[in-house]
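In what follows, a single structure is set out as structure tokens and then discussed.
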Amino acid sequence: MIDPIQIGIVAGEKSGDILGAGLIAALRKRYPPAEFVGIGGPDMVSLGCRSLFPMERLSIMGFVEPLGRLPELLYIKRKLEAYFKAHPPSVFIGIDSPDFNLRLEEKLRSHHIATVHYVSPSVWAYRKNRIHKIKRAVDLMLTLFPFETAIYEKFDIPATCIGHPLADQIGFEDKTAGARQILGLLQSEQVVALLPGSRVSEIERLAPIFFSAAVKTLRSMPRLRFLIPCSGAESRACIERALARCSIFLGEQFRLVDNSQQAMAAADFVVLASGTATLEAMLLRKPMAVFYRLSPLTHLIASRIVDVPHVALPNLLAGKRLVPEAIQGEVTETAVVSQILNYFSDPGAFEAVLRQFDSLHHELRKGASEAASAAITELLNRS
């Protein structure tokens, strides 16, 4: 009897958990008895992935923030390395979390374990010398966006653009009416979705500005409704504290919802933090304004090493500023109010941008999970 194939897989945050679950489902079609082990969140675990550590222990962002957790991160890395050396998988897949996964991948590859990195690090934006470490660490890079593959080709690193799973999951039909019906909103109402981020640090920096701006917007548009998604208990508590500090009471005009995609689909306009949510809003064809603030020390470091013309994914994909974006000191209540009022003063002005959103959606729709599974299968066959 042939032992089932074992696949090592590590995701470090919610977005990686979603990608990992889609990949596990696709790989199971090719390898039904496959065993998946490493680190995953609830979506991956529900599909049978055995998580050796809680995924939340890897969920850290920024240049400075990980330093306080370095001993724990090194401990987890050593334990995973020892486990996979003792139980070599047919392939190891690191999903995003490059600072953690690339180090682990380099160690495992030195022990003749095939390695895949799913989601390209932003080598085109900062720390470009990482490309040499990537070349040592991975047998295959899976990129989500077409513009990312060129640098890997230049350094002779096997790379495949698989598109983005969200582009596969979100259809081209307008979801506004359906989302409003589910949420009990009238089709005639004017609705703004406020998404200050999924991490507590993001929420603490942006929520007070977003919420105070919303209150000020009501002076000009008193019937405006605001939807505020919460990704979990911790983010909900943080958002509720920020609402209380702004003297906002939940009710008819401010409402917390559990599903961020539903909130964006129901909205006329979205105010949000830079990140994957901007891609989601683009795929839903929603006019948006993007804001981002880092901790002062992280921003000081980033400003010296990051070389990127835009922070919002729609702008990066288009290679030009399709949607307004602001960072650090530009993120003010006045700026948020201005963007909301600007949209509602002339919604038709965004039609050309929405058509470009549609074109970008088509470019990203490649059947990502199946494409990733096919590329990994090809690697396994070569190995």
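Residue numbering restarts at 1 for every chain of the structure tokens, chains are lettered A, B, ... in their displayed order, and ligands are numbered from 1 as they appear.
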May I have a table of the residues of range 117-156 of chain A lying at most 7 Å from range 92-96 of chain A, giving each one's closest pair of atoms and their distance in Å to one decimal, counting only C-alpha atoms, ordered by chain and ascending residue number, as a tab-separated table?
```
residue	atom	partner	partner_atom	distance
A:His117	CA	A:Gly94	CA	4.9
A:Tyr118	CA	A:Ile95	CA	4.7
A:Val119	CA	A:Asp96	CA	5.1
```
Original post:
Could you pull the residues within 12 Å of Pro54 in chain A, counting only C-alpha atoms, minus those fewer than 3 positions along the same chain, as a PyMOL selection string?
Top reply: chain A and resi 10-14+17+38-42+44-45+50-51+57-59+73+76
Applying 12 Å and only C-alpha atoms, which residues near Ala244 in chain A remain after dropping the ones on its own chain fewer than 4 positions away? List them as an mmCIF file with N, CA and C atoms, in the first residue's frame.
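The result, stored in around_2.cif:
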```cif
data_model
loop_
_atom_site.group_PDB
_atom_site.id
_atom_site.type_symbol
_atom_site.label_atom_id
_atom_site.label_comp_id
_atom_site.auth_asym_id
_atom_site.auth_seq_id
_atom_site.Cartn_x
_atom_site.Cartn_y
_atom_site.Cartn_z
ATOM 1 N N ALA A 207 -9.508 54.032 12.714
ATOM 2 C CA ALA A 207 -10.925 54.100 13.081
ATOM 3 C C ALA A 207 -11.329 55.459 13.657
ATOM 4 N N PRO A 208 -10.564 56.046 14.580
ATOM 5 C CA PRO A 208 -10.988 57.346 15.114
ATOM 6 C C PRO A 208 -11.135 58.418 14.030
ATOM 7 N N PHE A 211 -14.292 57.474 11.835
ATOM 8 C CA PHE A 211 -15.569 57.661 12.526
ATOM 9 C C PHE A 211 -15.857 59.145 12.789
ATOM 10 N N SER A 212 -14.851 59.904 13.175
ATOM 11 C CA SER A 212 -15.060 61.344 13.363
ATOM 12 C C SER A 212 -15.434 62.019 12.047
ATOM 13 N N ALA A 237 -14.297 44.606 19.359
ATOM 14 C CA ALA A 237 -14.091 45.327 20.614
ATOM 15 C C ALA A 237 -13.325 46.618 20.368
ATOM 16 N N CYS A 238 -12.331 46.570 19.506
ATOM 17 C CA CYS A 238 -11.528 47.744 19.191
ATOM 18 C C CYS A 238 -12.375 48.807 18.484
ATOM 19 N N ILE A 239 -13.203 48.355 17.541
ATOM 20 C CA ILE A 239 -14.077 49.280 16.818
ATOM 21 C C ILE A 239 -15.111 49.895 17.755
ATOM 22 N N GLU A 240 -15.657 49.097 18.649
ATOM 23 C CA GLU A 240 -16.648 49.625 19.594
ATOM 24 C C GLU A 240 -16.031 50.679 20.511
ATOM 25 N N ILE A 248 -20.396 57.890 19.214
ATOM 26 C CA ILE A 248 -21.290 57.314 18.209
ATOM 27 C C ILE A 248 -22.017 56.127 18.819
ATOM 28 N N PHE A 249 -23.313 56.113 18.672
ATOM 29 C CA PHE A 249 -24.119 55.015 19.179
ATOM 30 C C PHE A 249 -24.643 54.209 17.996
ATOM 31 N N LEU A 250 -24.519 52.893 18.102
ATOM 32 C CA LEU A 250 -24.988 52.029 17.029
ATOM 33 C C LEU A 250 -26.506 52.125 16.925
ATOM 34 N N PHE A 254 -25.345 54.101 12.091
ATOM 35 C CA PHE A 254 -24.073 53.381 12.210
ATOM 36 C C PHE A 254 -24.377 51.938 12.601
#
```
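DSSP on the backbone gives strand (DSSP E) for these parts of range 178-242 of chain A: Val191, Val192, Ala193, Leu194, Leu195, Arg225, Phe226, Leu227, Ile228 and Pro229 of chain A.
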Could you save those same residues with N, CA and C atoms as a tab-separated table (two decimals), in the first residue's frame?
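Generated output (again-v5.tsv):
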```
chain	number	residue	atom	x	y	z
A	191	VAL	N	-25.31	54.89	1.12
A	191	VAL	CA	-24.60	54.05	2.09
A	191	VAL	C	-23.09	54.13	1.86
A	192	VAL	N	-22.36	54.27	2.97
A	192	VAL	CA	-20.89	54.24	2.93
A	192	VAL	C	-20.41	53.10	3.82
A	193	ALA	N	-19.47	52.31	3.32
A	193	ALA	CA	-18.82	51.28	4.14
A	193	ALA	C	-17.49	51.83	4.66
A	194	LEU	N	-17.26	51.68	5.95
A	194	LEU	CA	-16.01	52.13	6.58
A	194	LEU	C	-15.22	50.91	7.02
A	195	LEU	N	-14.01	50.74	6.47
A	195	LEU	CA	-13.17	49.58	6.80
A	195	LEU	C	-11.80	50.07	7.25
A	225	ARG	N	-26.02	56.57	5.64
A	225	ARG	CA	-25.88	55.37	6.49
A	225	ARG	C	-24.46	54.85	6.39
A	226	PHE	N	-23.94	54.30	7.51
A	226	PHE	CA	-22.57	53.78	7.55
A	226	PHE	C	-22.58	52.32	8.01
A	227	LEU	N	-21.91	51.47	7.23
A	227	LEU	CA	-21.73	50.07	7.58
A	227	LEU	C	-20.27	49.86	7.97
A	228	ILE	N	-20.05	49.18	9.09
A	228	ILE	CA	-18.69	48.96	9.60
A	228	ILE	C	-18.49	47.47	9.84
A	229	PRO	N	-17.73	46.78	8.98
A	229	PRO	CA	-17.50	45.34	9.17
A	229	PRO	C	-16.53	45.07	10.32
```
Original post:
Which polymer residues have any atom within 10 Å of an atom of Phe269 in chain A, counting only C-alpha atoms, with same-chain residues fewer than 5 positions away left out, as an MDAnalysis selection string?
Top reply: chainID A and resid 190:194 226 264 281 285:289 339:340 343:344 347
**OP:** Might you pull out every residue within 12 Å of His87 in chain A, with only C-alpha atoms counted and same-chain residues fewer than 2 positions away left off, and present them as a list in words?
**Re:** Ile5, Gln6, Ile7, Gly8, Glu35, Phe36, Val37, Gly38, Leu80, Glu81, Ala82, Tyr83, Phe84, Lys85, Pro89, Ser90, Val91, Phe92, Leu108, His111 and Ile113 of chain A
Written file, previous selection with C-alpha atoms, as a PDB file, in the first residue's frame:
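Writing done, so here's part-v6.pdb:
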```pdb
ATOM      1  CA  ILE A   5       1.388  12.088  -0.033  1.00  0.00           C
ATOM      2  CA  GLN A   6       2.229  14.589   2.713  1.00  0.00           C
ATOM      3  CA  ILE A   7       2.190  18.308   1.915  1.00  0.00           C
ATOM      4  CA  GLY A   8       3.678  20.855   4.310  1.00  0.00           C
ATOM      5  CA  GLU A  35      -2.237  14.840   4.220  1.00  0.00           C
ATOM      6  CA  PHE A  36      -1.686  18.523   4.961  1.00  0.00           C
ATOM      7  CA  VAL A  37       0.286  19.595   8.012  1.00  0.00           C
ATOM      8  CA  GLY A  38       1.880  22.848   9.185  1.00  0.00           C
ATOM      9  CA  LEU A  80       8.512  23.267  12.210  1.00  0.00           C
ATOM     10  CA  GLU A  81      11.963  22.751  10.735  1.00  0.00           C
ATOM     11  CA  ALA A  82      12.581  19.787  13.042  1.00  0.00           C
ATOM     12  CA  TYR A  83       9.170  18.304  12.267  1.00  0.00           C
ATOM     13  CA  PHE A  84       9.587  18.504   8.495  1.00  0.00           C
ATOM     14  CA  LYS A  85      13.138  17.136   8.651  1.00  0.00           C
ATOM     15  CA  PRO A  89       6.852  16.272   2.895  1.00  0.00           C
ATOM     16  CA  SER A  90       6.714  15.808  -0.856  1.00  0.00           C
ATOM     17  CA  VAL A  91       6.505  19.586  -1.093  1.00  0.00           C
ATOM     18  CA  PHE A  92       6.394  22.486   1.329  1.00  0.00           C
ATOM     19  CA  LEU A 108      13.962  22.887   4.121  1.00  0.00           C
ATOM     20  CA  HIS A 111      17.506  19.327   3.043  1.00  0.00           C
ATOM     21  CA  ILE A 113      12.578  19.271   0.221  1.00  0.00           C
TER      22      ILE A 113
END
```
Subject >> Members of range 100-341 of chain A assigned helix (DSSP H, G or I) by DSSP, as a PyMOL selection string >> reply: chain A and resi 100-110+130-137+146-154+165-169+176-183+200-220+233-245+260-266+276-283+296-305+313-318+328-330+333-341
Could you dump the residues just selected with C-alpha atoms as a short mmCIF file (atom, residue, chain, number, x, y, z; two decimals), in the first residue's frame?
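The resulting file, part06.cif, is shown below:
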```
data_model
loop_
_atom_site.label_atom_id
_atom_site.label_comp_id
_atom_site.auth_asym_id
_atom_site.auth_seq_id
_atom_site.Cartn_x
_atom_site.Cartn_y
_atom_site.Cartn_z
CA PHE A 100 8.87 33.75 8.34
CA ASN A 101 8.23 31.39 5.43
CA LEU A 102 11.25 32.23 3.27
CA ARG A 103 13.59 31.46 6.17
CA LEU A 104 11.85 28.16 6.74
CA GLU A 105 11.79 27.36 3.01
CA GLU A 106 15.54 28.00 2.68
CA LYS A 107 16.28 25.56 5.50
CA LEU A 108 13.96 22.89 4.12
CA ARG A 109 15.26 23.25 0.57
CA SER A 110 18.80 22.72 1.85
CA ARG A 130 15.66 39.65 -1.06
CA ILE A 131 15.51 38.25 -4.59
CA HIS A 132 18.79 36.42 -3.90
CA LYS A 133 17.36 34.85 -0.74
CA ILE A 134 14.23 33.88 -2.67
CA LYS A 135 16.38 32.18 -5.29
CA ARG A 136 18.03 30.11 -2.55
CA ALA A 137 14.74 29.37 -0.82
CA PRO A 146 0.84 39.78 -13.67
CA PHE A 147 3.32 42.62 -13.05
CA GLU A 148 5.15 40.55 -10.41
CA THR A 149 6.61 37.81 -12.63
CA ALA A 150 9.11 39.94 -14.58
CA ILE A 151 11.63 40.26 -11.74
CA TYR A 152 11.65 36.49 -11.19
CA GLU A 153 12.23 35.85 -14.89
CA LYS A 154 15.16 38.29 -14.75
CA PRO A 165 -8.78 33.72 -6.07
CA LEU A 166 -11.00 36.68 -5.22
CA ALA A 167 -11.28 37.42 -8.94
CA ASP A 168 -12.59 33.89 -9.41
CA GLN A 169 -14.99 34.03 -6.48
CA THR A 176 -25.66 45.90 -4.50
CA ALA A 177 -29.38 45.08 -4.53
CA GLY A 178 -28.90 41.58 -3.11
CA ALA A 179 -26.59 42.75 -0.34
CA ARG A 180 -28.98 45.52 0.66
CA GLN A 181 -31.88 43.12 0.78
CA ILE A 182 -29.93 40.81 3.12
CA LEU A 183 -28.98 43.74 5.36
CA VAL A 200 -6.02 45.93 15.91
CA SER A 201 -3.04 48.22 15.18
CA GLU A 202 -4.62 49.37 11.92
CA ILE A 203 -7.99 49.94 13.56
CA GLU A 204 -6.50 51.94 16.40
CA ARG A 205 -4.76 54.27 13.95
CA LEU A 206 -7.55 54.72 11.40
CA ALA A 207 -10.93 54.10 13.08
CA PRO A 208 -10.99 57.35 15.11
CA ILE A 209 -10.31 59.36 11.97
CA PHE A 210 -12.87 57.45 9.86
CA PHE A 211 -15.57 57.66 12.53
CA SER A 212 -15.06 61.34 13.36
CA ALA A 213 -15.13 62.12 9.64
CA ALA A 214 -18.39 60.18 9.30
CA VAL A 215 -19.99 62.29 12.04
CA LYS A 216 -18.86 65.47 10.28
CA THR A 217 -20.20 64.19 6.95
CA LEU A 218 -23.66 63.89 8.53
CA ARG A 219 -23.77 67.68 8.84
CA SER A 220 -24.00 67.87 5.05
CA ALA A 233 -14.25 39.55 18.44
CA GLU A 234 -10.96 41.42 18.93
CA SER A 235 -11.54 43.82 16.04
CA ARG A 236 -15.17 44.32 17.10
CA ALA A 237 -14.09 45.33 20.61
CA CYS A 238 -11.53 47.74 19.19
CA ILE A 239 -14.08 49.28 16.82
CA GLU A 240 -16.65 49.63 19.59
CA ARG A 241 -14.10 51.48 21.74
CA ALA A 242 -13.36 53.85 18.85
CA LEU A 243 -17.07 54.46 18.28
CA ALA A 244 -17.55 55.25 21.96
CA ARG A 245 -14.67 57.75 21.93
CA SER A 260 -16.95 42.79 4.97
CA GLN A 261 -17.72 41.77 1.39
CA GLN A 262 -21.45 42.12 2.06
CA ALA A 263 -20.91 45.57 3.57
CA MET A 264 -18.89 46.74 0.56
CA ALA A 265 -21.38 45.23 -1.89
CA ALA A 266 -24.23 47.10 -0.20
CA THR A 276 -6.52 43.15 0.16
CA ALA A 277 -9.86 44.84 0.88
CA THR A 278 -9.04 47.40 -1.81
CA LEU A 279 -8.82 44.58 -4.34
CA GLU A 280 -12.13 43.19 -3.08
CA ALA A 281 -13.77 46.59 -3.45
CA MET A 282 -12.39 46.87 -6.98
CA LEU A 283 -13.77 43.45 -7.94
CA PRO A 296 5.80 56.39 13.30
CA LEU A 297 8.93 54.22 13.55
CA THR A 298 7.71 51.77 10.90
CA HIS A 299 6.91 54.67 8.58
CA LEU A 300 10.34 56.19 9.19
CA ILE A 301 11.97 52.95 8.09
CA ALA A 302 9.53 52.36 5.21
CA SER A 303 10.01 55.87 3.81
CA ARG A 304 13.72 55.11 3.36
CA ILE A 305 13.43 51.70 1.72
CA LEU A 313 -3.85 47.63 -5.21
CA PRO A 314 -6.15 49.00 -7.96
CA ASN A 315 -3.59 51.73 -8.60
CA LEU A 316 -0.67 49.30 -8.61
CA LEU A 317 -2.49 46.98 -11.03
CA ALA A 318 -3.43 49.82 -13.37
CA GLN A 328 0.46 59.12 7.11
CA GLY A 329 -0.02 62.89 7.57
CA GLU A 330 -2.37 63.08 4.59
CA GLU A 333 -10.80 63.83 8.99
CA THR A 334 -11.01 66.62 6.42
CA ALA A 335 -9.59 64.35 3.69
CA VAL A 336 -12.07 61.56 4.47
CA VAL A 337 -15.04 63.96 4.56
CA SER A 338 -13.92 65.50 1.28
CA GLN A 339 -13.74 62.12 -0.50
CA ILE A 340 -17.20 61.05 0.67
CA LEU A 341 -18.87 64.34 -0.28
#
```
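The coordinates place CA of Leu186 in chain A at 22.6 Å from CA of Glu351 in chain A.
Compared by their closest atoms to Ala375 in chain A, and using only C-alpha atoms, the residues A:Ser122, A:Thr115, A:Thr160, A:Ser15 rank with A:Thr160 nearest.
If you look at CA of Ala371 in chain A and CA of Ile162 in chain A, they are 5.5 Å away from each other.
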